[in-house]
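Input: a single structure, listed below in C-alpha cells.
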Amino acid sequence: MSVNTEVITLTIDFHVHCFAPKIAEKAISQLKERAELEPLTDGLIETTVARFDEWGIDRGVLLSVATRPTQVKVINDWCAENNGGRFISFGTIHPNFEDIPAELDRLVSLGLHGVKLHPDYQGFMVDDDRIDFLYDEIERRDLPVILHAGFDVFSPELVHCPPERALRMIKKHPHLKVILAHMGGNDSHQQVCDILAGIDGEVYFDTAFTGRFLTDALMEKIIRKHGADRILFASDCPWDSPAEIKKKILRIGISDDDKEKIFSQNALRLLGDV
C-alpha cells in the first residue's frame with residue numbers, strides 16, 4: 001500500500017515523558033543508564049516541543065508517574081502547569097496514597113485528562129485485588145487510565161502487567177477506559193495478539209516503543225484483530241522516535257482512514273475537548 005502522508009491532518013503522540021527542570025538531568029541520566037538507550041531529548045518541555053516541530057508532531061500526551069505516595073501532589077501540580085498548548089497532561093496516583101478519592105477529585109479540578117499508572121515502578125500486579133478500589137474510583141470519574149504493559153528494565157525478573165493478567169483486570173472492570181501501553185505489552189506482542197487483541201470494551205493499545213521492537217507484520221495483525229479505532233499513536237519519547245513509528249504506521253497495509261484514526265481521531269474521541 002502506498003504511503004499518503006497528505007491524509008494525516010493531525011498527529012497526537014499519546015505517550016511522551018518530560019520532567020521538571022530541577023530533576024530532568026538526573027532522571028534522564030538514570031533512565032539512560034538503566035535502559036541502555038540514548039534519549040532523543042534532554043527531558044525538558046521546551047526541548048521536546050522543538051523536537052515535535054522536527055518530527056511533525058502536533059501535540060503530545062504528557063505522562064508522569066509517582067514512584068512514591070509523597071510525589072503525587074507535586075507531580076500533579078507540575079502536570080497541570082504544563083497542560084494546554086502542545087501538551088495534554090495526565091496526572092498520576094500511587095496505590096498507597098492516603099486519600100485516593102480526594103486526590104482524584106483534585107486531579108479532575110486541575111483539568112488533567114487521565115491517570116498514569118506504572119505497575120513495575122509502583123510495585124503492584126495489574127490484576128491485584130487491592131488495586132480494584134483505585135480502578136473503580138478512576139472509572140467513577142470517567143477518566144482513562146494508561147498502564148505500562150509488558151517488560152520493563154526496572155523489573156526484568158517480574159513483569160507486573162503481562163497480557164494474561166491484564167486480561168483478568170479488564171474482565172473485572174469491563175467499563176474502565178484502559179490504555180495498555182507498548183501495543184498491549186512490551187516484548188509480549190504475540191501473546192497480546194493471541195489473548196488480548198479484539199477484547200470487548202474501551203481497551204486501547206498505544207504504539208509506544210514499537211519503532212525497533214515490533215515487526216510491521218505483527219503490528220498490522222494486532223491492529224486488524226483489535227480494530228484500528230482502539231489504537232493510539234504513541235512513541236515513549238524520548239526513548240523511541242515518533243518519526244520512525246509514524247513511518248511504520250504509514251507503510252503498513254491498513255487504510256488511510258484507519259491511519260487517520262490512529263494518528264489523532266481515536267485520541268480526540270477518547271479525551272473529548274482538548
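In the C-alpha cells, chains take letters A, B, ... by order of appearance, with residues numbered from 1 within each chain and ligands from 1 in the order shown.
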Among range 186-259 of chain A, which ones does DSSP assign to alpha helix (DSSP H) (computed from the backbone)? Answer as a PyMOL selection string.
chain A and resi 189-191+216-226+242-251+256-259
Near-range 187-203 of chain A list (8 Å; only C-alpha atoms; drop same-chain fewer than 3 positions) as a compact mmCIF listing (two decimals) with all heavy atoms, in the first residue's frame:
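Writing done, so here's around30.txt:
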```
# COMPACT_ATOMS: atom_id res chain seq x y z
N GLY A 150 3.70 -5.01 29.93
CA GLY A 150 4.79 -5.84 29.45
C GLY A 150 6.09 -5.58 30.18
O GLY A 150 6.13 -5.01 31.27
N PHE A 151 7.18 -6.01 29.56
CA PHE A 151 8.51 -5.95 30.17
C PHE A 151 8.95 -4.53 30.46
O PHE A 151 8.64 -3.60 29.71
CB PHE A 151 9.51 -6.60 29.22
CG PHE A 151 10.95 -6.51 29.67
CD1 PHE A 151 11.46 -7.43 30.57
CD2 PHE A 151 11.77 -5.51 29.19
CE1 PHE A 151 12.79 -7.35 30.98
CE2 PHE A 151 13.09 -5.41 29.60
CZ PHE A 151 13.60 -6.34 30.51
N PRO A 162 1.61 -8.49 32.54
CA PRO A 162 1.66 -9.36 31.37
C PRO A 162 0.27 -9.49 30.76
O PRO A 162 -0.75 -9.19 31.42
CB PRO A 162 2.12 -10.69 31.97
CG PRO A 162 1.58 -10.68 33.36
CD PRO A 162 1.63 -9.25 33.81
N PRO A 163 0.16 -9.90 29.51
CA PRO A 163 -1.15 -9.94 28.85
C PRO A 163 -2.21 -10.74 29.60
O PRO A 163 -3.37 -10.31 29.68
CB PRO A 163 -0.83 -10.57 27.50
CG PRO A 163 0.58 -10.15 27.22
CD PRO A 163 1.25 -10.19 28.56
N GLU A 164 -1.85 -11.90 30.18
CA GLU A 164 -2.87 -12.71 30.83
C GLU A 164 -3.42 -12.04 32.08
O GLU A 164 -4.62 -12.16 32.39
CB GLU A 164 -2.32 -14.11 31.15
CG GLU A 164 -1.20 -14.16 32.18
CD GLU A 164 0.18 -13.91 31.60
OE1 GLU A 164 0.28 -13.50 30.42
OE2 GLU A 164 1.17 -14.13 32.35
N LEU A 167 -5.65 -9.12 31.02
CA LEU A 167 -6.95 -9.64 30.63
C LEU A 167 -7.85 -9.84 31.84
O LEU A 167 -9.03 -9.49 31.82
CB LEU A 167 -6.77 -10.96 29.88
CG LEU A 167 -8.04 -11.67 29.42
CD1 LEU A 167 -8.78 -10.84 28.39
CD2 LEU A 167 -7.68 -13.05 28.83
N PRO A 174 -15.01 -4.09 33.31
CA PRO A 174 -15.35 -4.05 31.88
C PRO A 174 -15.71 -2.67 31.35
O PRO A 174 -15.74 -2.47 30.14
CB PRO A 174 -16.54 -5.01 31.77
CG PRO A 174 -17.15 -5.02 33.14
CD PRO A 174 -15.99 -4.89 34.08
N HIS A 175 -15.99 -1.72 32.25
CA HIS A 175 -16.38 -0.38 31.79
C HIS A 175 -15.27 0.65 31.98
O HIS A 175 -15.47 1.83 31.67
CB HIS A 175 -17.64 0.07 32.52
CG HIS A 175 -18.79 -0.87 32.37
ND1 HIS A 175 -19.40 -1.12 31.16
CD2 HIS A 175 -19.42 -1.67 33.28
CE1 HIS A 175 -20.36 -2.02 31.32
NE2 HIS A 175 -20.39 -2.37 32.60
N LEU A 176 -14.13 0.22 32.47
CA LEU A 176 -12.99 1.12 32.65
C LEU A 176 -12.35 1.43 31.30
O LEU A 176 -12.19 0.55 30.46
CB LEU A 176 -11.97 0.44 33.56
CG LEU A 176 -10.71 1.23 33.94
CD1 LEU A 176 -11.06 2.44 34.80
CD2 LEU A 176 -9.73 0.32 34.68
N LYS A 177 -12.01 2.69 31.10
CA LYS A 177 -11.28 3.10 29.89
C LYS A 177 -9.80 2.83 30.12
O LYS A 177 -9.14 3.55 30.87
CB LYS A 177 -11.51 4.59 29.60
CG LYS A 177 -12.96 4.94 29.28
CD LYS A 177 -13.12 6.44 29.11
CE LYS A 177 -14.56 6.82 28.81
NZ LYS A 177 -14.74 8.30 28.71
N VAL A 178 -9.29 1.79 29.48
CA VAL A 178 -7.93 1.30 29.74
C VAL A 178 -7.07 1.47 28.49
O VAL A 178 -7.48 1.08 27.39
CB VAL A 178 -7.95 -0.20 30.14
CG1 VAL A 178 -6.51 -0.69 30.37
CG2 VAL A 178 -8.80 -0.43 31.36
N ILE A 179 -5.88 2.03 28.68
CA ILE A 179 -4.89 2.09 27.62
C ILE A 179 -3.70 1.25 28.05
O ILE A 179 -3.05 1.56 29.06
CB ILE A 179 -4.43 3.54 27.35
CG1 ILE A 179 -5.62 4.43 27.01
CG2 ILE A 179 -3.39 3.57 26.22
CD1 ILE A 179 -5.45 5.87 27.44
N LEU A 180 -3.45 0.17 27.35
CA LEU A 180 -2.30 -0.68 27.61
C LEU A 180 -1.16 -0.22 26.70
O LEU A 180 -1.23 -0.37 25.48
CB LEU A 180 -2.62 -2.15 27.36
CG LEU A 180 -3.68 -2.75 28.28
CD1 LEU A 180 -4.03 -4.17 27.84
CD2 LEU A 180 -3.21 -2.75 29.74
N MET A 183 1.78 -1.25 22.78
CA MET A 183 0.99 -2.16 21.93
C MET A 183 0.48 -3.35 22.73
O MET A 183 0.47 -4.49 22.27
CB MET A 183 1.82 -2.61 20.73
CG MET A 183 1.00 -2.91 19.49
SD MET A 183 0.15 -1.44 18.87
CE MET A 183 -0.74 -2.12 17.48
N GLY A 184 0.04 -3.05 23.97
CA GLY A 184 -0.58 -4.06 24.80
C GLY A 184 0.36 -4.82 25.70
O GLY A 184 -0.09 -5.45 26.66
N PHE A 213 11.07 -2.61 18.01
CA PHE A 213 10.83 -3.84 18.76
C PHE A 213 9.51 -4.54 18.41
O PHE A 213 9.06 -5.40 19.14
CB PHE A 213 10.88 -3.54 20.26
CG PHE A 213 12.18 -2.91 20.67
CD1 PHE A 213 12.26 -1.55 20.94
CD2 PHE A 213 13.33 -3.68 20.76
CE1 PHE A 213 13.47 -0.97 21.30
CE2 PHE A 213 14.55 -3.10 21.12
CZ PHE A 213 14.61 -1.75 21.39
N LEU A 214 8.92 -4.15 17.29
CA LEU A 214 7.71 -4.82 16.81
C LEU A 214 7.75 -4.80 15.29
O LEU A 214 7.90 -3.75 14.68
CB LEU A 214 6.46 -4.09 17.32
CG LEU A 214 5.10 -4.59 16.83
CD1 LEU A 214 4.88 -6.05 17.21
CD2 LEU A 214 3.98 -3.72 17.37
N LEU A 218 3.50 -7.98 12.46
CA LEU A 218 2.76 -8.26 13.70
C LEU A 218 1.98 -7.04 14.15
O LEU A 218 0.86 -7.17 14.67
CB LEU A 218 3.71 -8.73 14.80
CG LEU A 218 3.06 -9.23 16.10
CD1 LEU A 218 1.97 -10.26 15.82
CD2 LEU A 218 4.12 -9.79 17.04
N LYS A 221 -1.14 -7.10 12.12
CA LYS A 221 -2.03 -8.17 12.56
C LYS A 221 -2.78 -7.79 13.84
O LYS A 221 -3.99 -8.02 13.95
CB LYS A 221 -1.21 -9.44 12.79
CG LYS A 221 -2.05 -10.68 13.09
CD LYS A 221 -1.16 -11.92 13.18
CE LYS A 221 -2.00 -13.17 13.47
NZ LYS A 221 -1.13 -14.38 13.57
N ILE A 222 -2.07 -7.18 14.79
CA ILE A 222 -2.73 -6.75 16.03
C ILE A 222 -3.76 -5.68 15.75
O ILE A 222 -4.88 -5.71 16.28
CB ILE A 222 -1.68 -6.25 17.04
CG1 ILE A 222 -0.81 -7.41 17.52
CG2 ILE A 222 -2.36 -5.60 18.25
CD1 ILE A 222 0.38 -6.98 18.36
N ILE A 223 -3.41 -4.72 14.91
CA ILE A 223 -4.35 -3.64 14.59
C ILE A 223 -5.61 -4.20 13.93
O ILE A 223 -6.73 -3.83 14.29
CB ILE A 223 -3.68 -2.59 13.67
CG1 ILE A 223 -2.60 -1.83 14.45
CG2 ILE A 223 -4.73 -1.62 13.11
CD1 ILE A 223 -1.76 -0.91 13.59
N LYS A 225 -6.87 -7.21 14.18
CA LYS A 225 -7.64 -8.03 15.11
C LYS A 225 -8.32 -7.19 16.18
O LYS A 225 -9.48 -7.45 16.55
CB LYS A 225 -6.74 -9.08 15.76
CG LYS A 225 -7.50 -10.07 16.63
CD LYS A 225 -6.59 -11.17 17.16
CE LYS A 225 -7.39 -12.13 18.05
NZ LYS A 225 -6.51 -13.18 18.65
N HIS A 226 -7.61 -6.17 16.66
CA HIS A 226 -8.17 -5.35 17.75
C HIS A 226 -9.10 -4.27 17.22
O HIS A 226 -10.06 -3.87 17.90
CB HIS A 226 -7.04 -4.72 18.55
CG HIS A 226 -7.46 -4.17 19.88
ND1 HIS A 226 -8.06 -4.93 20.86
CD2 HIS A 226 -7.39 -2.91 20.39
CE1 HIS A 226 -8.33 -4.19 21.91
NE2 HIS A 226 -7.93 -2.96 21.65
N GLY A 227 -8.83 -3.79 16.03
CA GLY A 227 -9.62 -2.70 15.45
C GLY A 227 -8.85 -1.40 15.51
O GLY A 227 -8.39 -0.99 16.59
N ARG A 230 -9.22 1.46 18.13
CA ARG A 230 -8.75 1.37 19.52
C ARG A 230 -7.22 1.30 19.58
O ARG A 230 -6.66 0.69 20.49
CB ARG A 230 -9.40 0.17 20.21
CG ARG A 230 -10.90 0.33 20.42
CD ARG A 230 -11.48 -0.77 21.29
NE ARG A 230 -11.39 -2.07 20.63
CZ ARG A 230 -11.61 -3.24 21.25
NH1 ARG A 230 -11.91 -3.27 22.54
NH2 ARG A 230 -11.55 -4.37 20.57
```
From the list A:Ser235, A:Ser64, A:Ser241, A:Thr70, which residue is nearest Gly114 in chain A when using only C-alpha atoms?
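Of A:Ser235, A:Ser64, A:Ser241, A:Thr70, the one nearest Gly114 in chain A, counting only C-alpha atoms, is A:Ser64.
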I'd like the contact shell of range 51-56 of chain A - 12 Å cut-off, only C-alpha atoms, skipping same-chain residues fewer than 3 positions apart - returned as a ChimeraX atom specification.
/A:5,8-13,16,40-48,59-60,86-87,235,237-238,240-247,263
Surrounding residues of range 116-131 of chain A excluding itself and chain neighbours under 3 positions, 8 Å, only C-alpha atoms, as a PyMOL selection string
chain A and resi 63-68+90-95+134-135+145-148+152+154-155+159-161+165-166+168-169
Distance criterion (only C-alpha atoms): nearest to Val153 in chain A out of A:Ile23, A:Ile170, A:Ala35, A:Leu232:
A:Ala35
Just give me the gap between CA of Leu271 in chain A and CA of Leu143 in chain A in Å, one decimal is fine.
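Value for the CA of Leu271 in chain A-CA of Leu143 in chain A distance: 8.7 Å.
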